[in-house]
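Source file: target.cif (mmCIF, C-alpha atoms and all ligand atoms)
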data_data
#
loop_
_atom_site.label_atom_id
_atom_site.label_comp_id
_atom_site.auth_asym_id
_atom_site.auth_seq_id
_atom_site.Cartn_x
_atom_site.Cartn_y
_atom_site.Cartn_z
CA MET A 1 83.74 145.82 89.48
CA THR A 2 84.28 148.62 91.98
CA GLN A 3 84.94 151.27 89.32
CA SER A 4 81.24 151.94 88.92
CA LEU A 5 80.77 152.34 92.68
CA ALA A 6 81.01 155.61 94.59
CA GLU A 7 84.47 155.85 96.11
CA PRO A 8 83.37 155.58 99.79
CA ILE A 9 81.45 152.40 99.02
CA ALA A 10 84.32 150.85 97.10
CA ARG A 11 86.63 151.79 99.94
CA LEU A 12 84.52 150.11 102.61
CA ILE A 13 84.18 146.98 100.49
CA GLU A 14 87.95 146.95 100.15
CA GLU A 15 88.44 147.35 103.91
CA PHE A 16 85.96 144.59 104.76
CA GLY A 17 87.68 142.39 102.19
CA LYS A 18 90.90 142.56 104.20
CA LEU A 19 89.27 140.82 107.18
CA PRO A 20 90.02 137.12 107.70
CA GLY A 21 87.40 134.85 106.23
CA VAL A 22 85.67 137.66 104.35
CA GLY A 23 85.60 137.21 100.59
CA PRO A 24 84.54 139.85 98.03
CA LYS A 25 80.88 138.75 98.13
CA THR A 26 80.64 139.03 101.90
CA ALA A 27 82.50 142.35 101.84
CA GLN A 28 79.88 143.70 99.45
CA ARG A 29 77.03 142.34 101.53
CA LEU A 30 78.37 143.87 104.74
CA THR A 31 78.87 147.21 103.03
CA PHE A 32 75.35 147.35 101.63
CA TYR A 33 73.94 146.18 104.93
CA LEU A 34 75.63 149.10 106.65
CA LEU A 35 74.34 151.50 104.01
CA ARG A 36 70.81 150.54 105.00
CA GLN A 37 71.46 151.09 108.71
CA SER A 38 70.93 154.38 110.53
CA SER A 39 73.88 156.72 111.01
CA ASP A 40 73.80 155.94 114.73
CA GLU A 41 74.23 152.24 114.17
CA ALA A 42 77.03 152.74 111.69
CA ARG A 43 78.73 155.11 114.12
CA ALA A 44 78.42 152.57 116.94
CA LEU A 45 80.33 150.06 114.82
CA ALA A 46 83.01 152.60 113.91
CA GLU A 47 83.41 153.56 117.57
CA ALA A 48 83.63 149.95 118.68
CA ILE A 49 86.49 149.44 116.20
CA GLU A 50 88.24 152.58 117.43
CA ASP A 51 87.76 151.64 121.08
CA VAL A 52 89.23 148.20 120.65
CA LYS A 53 92.41 149.76 119.30
CA GLU A 54 92.59 152.56 121.83
CA LYS A 55 91.51 150.85 125.03
CA ILE A 56 92.75 147.31 124.73
CA ILE A 57 96.21 146.57 126.06
CA TYR A 58 98.17 143.49 127.03
CA CYS A 59 98.02 142.32 130.63
CA GLY A 60 101.58 142.75 131.88
CA THR A 61 101.41 139.43 133.70
CA CYS A 62 99.68 136.91 131.43
CA PHE A 63 99.65 138.90 128.14
CA ASN A 64 95.95 138.42 127.67
CA LEU A 65 94.20 141.26 125.85
CA SER A 66 92.44 143.42 128.38
CA ALA A 67 91.16 146.90 129.14
CA THR A 68 93.03 146.78 132.46
CA ASP A 69 96.45 145.71 133.67
CA PRO A 70 96.39 143.29 135.42
CA CYS A 71 93.55 141.71 133.46
CA PRO A 72 90.36 140.56 135.26
CA ILE A 73 91.63 136.95 135.41
CA CYS A 74 94.99 137.84 136.98
CA ALA A 75 93.23 140.22 139.38
CA ASP A 76 90.57 137.68 140.42
CA PRO A 77 91.33 136.49 144.00
CA SER A 78 89.12 133.42 143.60
CA ARG A 79 91.40 131.96 140.91
CA ASP A 80 93.70 129.03 141.68
CA ARG A 81 97.07 130.79 141.65
CA ALA A 82 99.09 127.59 141.72
CA ARG A 83 98.24 126.72 138.12
CA ILE A 84 99.11 128.40 134.83
CA CYS A 85 97.60 127.24 131.58
CA VAL A 86 99.79 128.17 128.60
CA VAL A 87 97.93 129.00 125.38
CA GLU A 88 98.88 130.32 121.97
CA GLU A 89 96.25 133.04 121.57
CA PRO A 90 93.89 135.11 123.76
CA LEU A 91 90.87 133.41 122.13
CA ASP A 92 92.03 130.09 123.59
CA ILE A 93 91.43 131.51 127.08
CA LEU A 94 87.84 132.16 126.12
CA ALA A 95 87.42 128.57 124.97
CA LEU A 96 89.05 127.04 128.06
CA ASP A 97 87.26 129.29 130.52
CA ARG A 98 83.94 128.51 128.92
CA THR A 99 84.30 124.88 130.04
CA GLY A 100 84.12 126.00 133.68
CA ILE A 101 86.54 123.19 134.60
CA TYR A 102 89.68 125.27 134.81
CA LYS A 103 89.92 127.96 137.48
CA GLY A 104 93.62 128.74 137.36
CA LEU A 105 95.66 131.45 135.68
CA TYR A 106 96.74 131.72 132.05
CA HIS A 107 99.74 132.72 130.01
CA VAL A 108 99.40 133.77 126.36
CA LEU A 109 102.41 133.04 124.14
CA HIS A 110 101.03 135.03 121.20
CA GLY A 111 101.77 132.51 118.53
CA SER A 112 103.47 129.20 118.02
CA PHE A 113 107.08 128.33 117.39
CA SER A 114 107.43 128.18 113.62
CA PRO A 115 110.88 129.08 112.27
CA MET A 116 109.69 128.28 108.74
CA GLU A 117 107.23 131.14 109.02
CA GLY A 118 109.67 133.39 110.79
CA VAL A 119 108.21 132.95 114.29
CA LEU A 120 111.16 132.37 116.59
CA GLU A 121 111.41 131.74 120.30
CA ASP A 122 111.95 135.40 121.14
CA ASP A 123 108.70 136.30 119.37
CA LEU A 124 106.78 134.27 121.94
CA LYS A 125 106.25 135.14 125.60
CA ILE A 126 108.27 132.16 126.81
CA ARG A 127 110.90 134.07 128.76
CA GLU A 128 108.09 135.90 130.56
CA LEU A 129 106.51 132.56 131.42
CA VAL A 130 109.75 131.21 132.89
CA ALA A 131 110.06 134.38 134.97
CA ARG A 132 106.52 133.97 136.26
CA VAL A 133 107.09 130.38 137.26
CA GLY A 134 110.20 131.53 139.12
CA ASN A 135 108.45 134.40 140.90
CA GLU A 136 104.97 133.09 141.60
CA PRO A 137 103.97 130.09 143.76
CA ILE A 138 103.22 127.94 140.71
CA GLU A 139 102.81 124.19 141.18
CA GLU A 140 101.61 123.15 137.73
CA VAL A 141 102.03 124.46 134.21
CA ILE A 142 99.44 123.07 131.82
CA ILE A 143 100.56 123.35 128.22
CA ALA A 144 97.49 123.91 126.06
CA THR A 145 98.99 124.74 122.71
CA ASN A 146 97.16 123.65 119.56
CA ALA A 147 97.17 120.05 118.36
CA THR A 148 99.23 121.07 115.32
CA VAL A 149 102.86 120.50 114.34
CA GLU A 150 103.67 124.06 115.46
CA GLY A 151 101.70 123.57 118.68
CA GLU A 152 103.70 120.42 119.48
CA ALA A 153 106.99 122.17 118.73
CA THR A 154 105.92 125.03 120.99
CA ALA A 155 104.96 122.64 123.80
CA ASN A 156 108.35 120.99 123.51
CA LEU A 157 110.17 124.28 123.66
CA VAL A 158 108.20 125.48 126.68
CA ARG A 159 108.90 122.23 128.49
CA THR A 160 112.61 122.52 127.77
CA ARG A 161 112.76 126.09 129.04
CA LEU A 162 110.88 125.19 132.22
CA ARG A 163 112.99 122.16 133.02
CA ALA A 164 115.18 124.03 135.49
CA ALA A 165 112.14 125.36 137.34
CA ARG A 166 111.21 121.92 138.68
CA VAL A 167 107.52 122.58 138.29
CA LYS A 168 104.96 119.93 137.36
CA ILE A 169 104.29 120.16 133.64
CA THR A 170 101.20 118.66 132.03
CA ARG A 171 99.81 118.71 128.51
CA LEU A 172 96.17 118.53 127.44
CA ALA A 173 95.04 114.98 126.77
CA GLN A 174 94.79 113.67 123.25
CA GLY A 175 91.30 113.79 121.87
CA LEU A 176 91.59 117.21 120.41
CA PRO A 177 91.41 116.62 116.66
CA ILE A 178 94.92 116.54 115.23
CA GLY A 179 95.72 119.68 113.30
CA SER A 180 93.03 121.65 115.08
CA ASP A 181 93.07 124.98 116.82
CA LEU A 182 91.97 125.02 120.43
CA GLU A 183 89.60 127.92 119.98
CA TYR A 184 87.40 125.84 117.68
CA ALA A 185 87.17 122.81 119.96
CA ASP A 186 83.77 122.23 121.54
CA ASP A 187 83.32 122.53 125.30
CA TYR A 188 82.94 118.79 125.84
CA THR A 189 86.16 117.91 124.02
CA LEU A 190 88.05 120.67 125.82
CA SER A 191 86.71 119.63 129.22
CA ARG A 192 87.79 116.05 128.56
CA ALA A 193 91.21 117.19 127.40
CA LEU A 194 91.65 119.29 130.54
CA GLU A 195 90.49 116.61 132.95
CA GLY A 196 92.63 113.98 131.24
CA ARG A 197 95.77 116.09 131.08
CA ARG A 198 98.91 114.04 131.48
CA ASP A 199 102.43 114.57 132.73
CA TYR A 200 104.59 116.03 130.03
ZN ZN A 301 96.45 138.73 133.07
#
Just give me the structure of the file as structure tokens.
Ligand SMILES: [Zn+2]
Amino acid sequence: MTQSLAEPIARLIEEFGKLPGVGPKTAQRLTFYLLRQSSDEARALAEAIEDVKEKIIYCGTCFNLSATDPCPICADPSRDRARICVVEEPLDILALDRTGIYKGLYHVLHGSFSPMEGVLEDDLKIRELVARVGNEPIEEVIIATNATVEGEATANLVRTRLRAARVKITRLAQGLPIGSDLEYADDYTLSRALEGRRDY
């Protein structure tokens, strides 16, 4: 298919095609859409992609993606510093914060415990979480991993590692669809899950 296309076009289609959720048809559509845009608009997109790689770092405290370290959440004095909500991915923070119910801090594990897929405990930011709970005046750790098998295994592991810290541990209430990722849950369901969190 791409043999009859000019090389730069074929190349962009190929690059778009590597993105998650983008099939060949969409990759073609995005490419031809960009071809119709002005150079300025195309450049703005290219620069945004470059910027995200150059300027975004991990917050050294919560491991959220951020342009600053500490990130705006960790640096915000109005946050409830006695609570840490543990999530798998940075996007989960977005979903939970959008509910407006939770005003505490976060901790991003960057994945879920899944030995079958080669994700082991040391690949997750669990040790860093335990250190935080030991060093900061934390009263409650809310485990908000996904409602999946891996999310449950991760929650279990985190709880085990925090046992010695004698901190209150809670888990989001059931109600999140089983097998679902937090980031796709609607605000209402997430708010309910937060409010109904139970001892874990
Ligand atoms: Zn942070």
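Between atom CA of Ala173 of chain A and atom CA of Leu194 of chain A the separation is 6.7 Å.
Nearest residue to ligand ZN 301 (chain A) among A:Asp199, A:Asp69, A:Asp123, A:Glu128 is A:Asp69, counting all atoms listed in the file.
Of the listed residues (A:Phe16, A:Tyr106, A:Phe113, A:Tyr184), A:Tyr106 comes nearest to ligand ZN 301 (chain A); the distances count all atoms listed in the file.
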For Leu120 of chain A, please output as a short mmCIF file (atom, residue, chain, number, x, y, z; two decimals) with C-alpha atoms, keeping the file's coordinate frame all residues within 12 Å (counting only C-alpha atoms; exclusion window: fewer than 4 positions along the same chain).
data_model
loop_
_atom_site.label_atom_id
_atom_site.label_comp_id
_atom_site.auth_asym_id
_atom_site.auth_seq_id
_atom_site.Cartn_x
_atom_site.Cartn_y
_atom_site.Cartn_z
CA LEU A 109 102.41 133.04 124.14
CA HIS A 110 101.03 135.03 121.20
CA GLY A 111 101.77 132.51 118.53
CA SER A 112 103.47 129.20 118.02
CA PHE A 113 107.08 128.33 117.39
CA SER A 114 107.43 128.18 113.62
CA PRO A 115 110.88 129.08 112.27
CA MET A 116 109.69 128.28 108.74
CA LEU A 124 106.78 134.27 121.94
CA LYS A 125 106.25 135.14 125.60
CA ILE A 126 108.27 132.16 126.81
CA GLU A 150 103.67 124.06 115.46
CA ALA A 153 106.99 122.17 118.73
CA THR A 154 105.92 125.03 120.99
CA LEU A 157 110.17 124.28 123.66
#
Taking only C-alpha atoms and all ligand atoms into account, report as a PyMOL selection string which residues have an atom no farther than 9 Å from an atom of ligand ZN 301 (chain A). chain A and resi 58-66+68-75+105-108
Take the residues just selected and output them with C-alpha atoms as a tab-separated table (two decimals), in the coordinates of the input.
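See result-v1.tsv below for the written result:
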chain	number	residue	atom	x	y	z
A	58	TYR	CA	98.17	143.49	127.03
A	59	CYS	CA	98.02	142.32	130.63
A	60	GLY	CA	101.58	142.75	131.88
A	61	THR	CA	101.41	139.43	133.70
A	62	CYS	CA	99.68	136.91	131.43
A	63	PHE	CA	99.65	138.90	128.14
A	64	ASN	CA	95.95	138.42	127.67
A	65	LEU	CA	94.20	141.26	125.85
A	66	SER	CA	92.44	143.42	128.38
A	68	THR	CA	93.03	146.78	132.46
A	69	ASP	CA	96.45	145.71	133.67
A	70	PRO	CA	96.39	143.29	135.42
A	71	CYS	CA	93.55	141.71	133.46
A	72	PRO	CA	90.36	140.56	135.26
A	73	ILE	CA	91.63	136.95	135.41
A	74	CYS	CA	94.99	137.84	136.98
A	75	ALA	CA	93.23	140.22	139.38
A	105	LEU	CA	95.66	131.45	135.68
A	106	TYR	CA	96.74	131.72	132.05
A	107	HIS	CA	99.74	132.72	130.01
A	108	VAL	CA	99.40	133.77	126.36
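Between atom CA of Leu190 of chain A and atom CA of Leu172 of chain A the interatomic distance comes to 8.6 Å.
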List the neighbours of segment 28-32 of chain A out to 6 Å using only C-alpha atoms; skip same-chain residues closer than 3 positions along the sequence, and give me the result as a PDB file with C-alpha atoms, in the coordinates of the input.
ATOM      1  CA  ILE A  13      84.180 146.980 100.490  1.00  0.00           C
ATOM      2  CA  LYS A  25      80.880 138.750  98.130  1.00  0.00           C
ATOM      3  CA  LEU A  35      74.340 151.500 104.010  1.00  0.00           C
TER       4      LEU A  35
END
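Minimum atom-to-atom distances from A:Ala48, A:Gly21, A:Arg127, A:Ala6 to Thr160 of chain A were compared using only C-alpha atoms, and the lowest value belongs to A:Arg127.
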Find the spatial neighbours of Glu140 of chain A, counting only C-alpha atoms, within a cut-off of 10 Å - ignore same-chain residues fewer than 3 positions away - and output them as a ChimeraX atom specification. /A:81-85,104,133,137,143,166-170,199
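Atom pair atom CA of Tyr188 of chain A / atom CA of Leu129 of chain A: separated by 27.9 Å.
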Enclose all atoms of segment 147-161 of chain A listed in the file in an axis-aligned box, grow every side by 5 Å, and hand back centre and edge lengths in Å to one decimal, as lines of an AutoDock Vina configuration file.
center_x = 105.0
center_y = 123.1
center_z = 121.7
size_x = 25.6
size_y = 16.0
size_z = 24.7
Using only C-alpha atoms for the distances, tell me which of A:Ile142, A:Asp51, A:Arg192, A:Tyr33 is nearest to Leu162 of chain A. A:Ile142
Which residues come within 12 Å of Arg171 of chain A, counting all atoms listed in the file, excluding same-chain residues fewer than 6 positions away, as a PyMOL selection string? chain A and resi 84-87+140-147+151-152+154-156+158-159+193-200
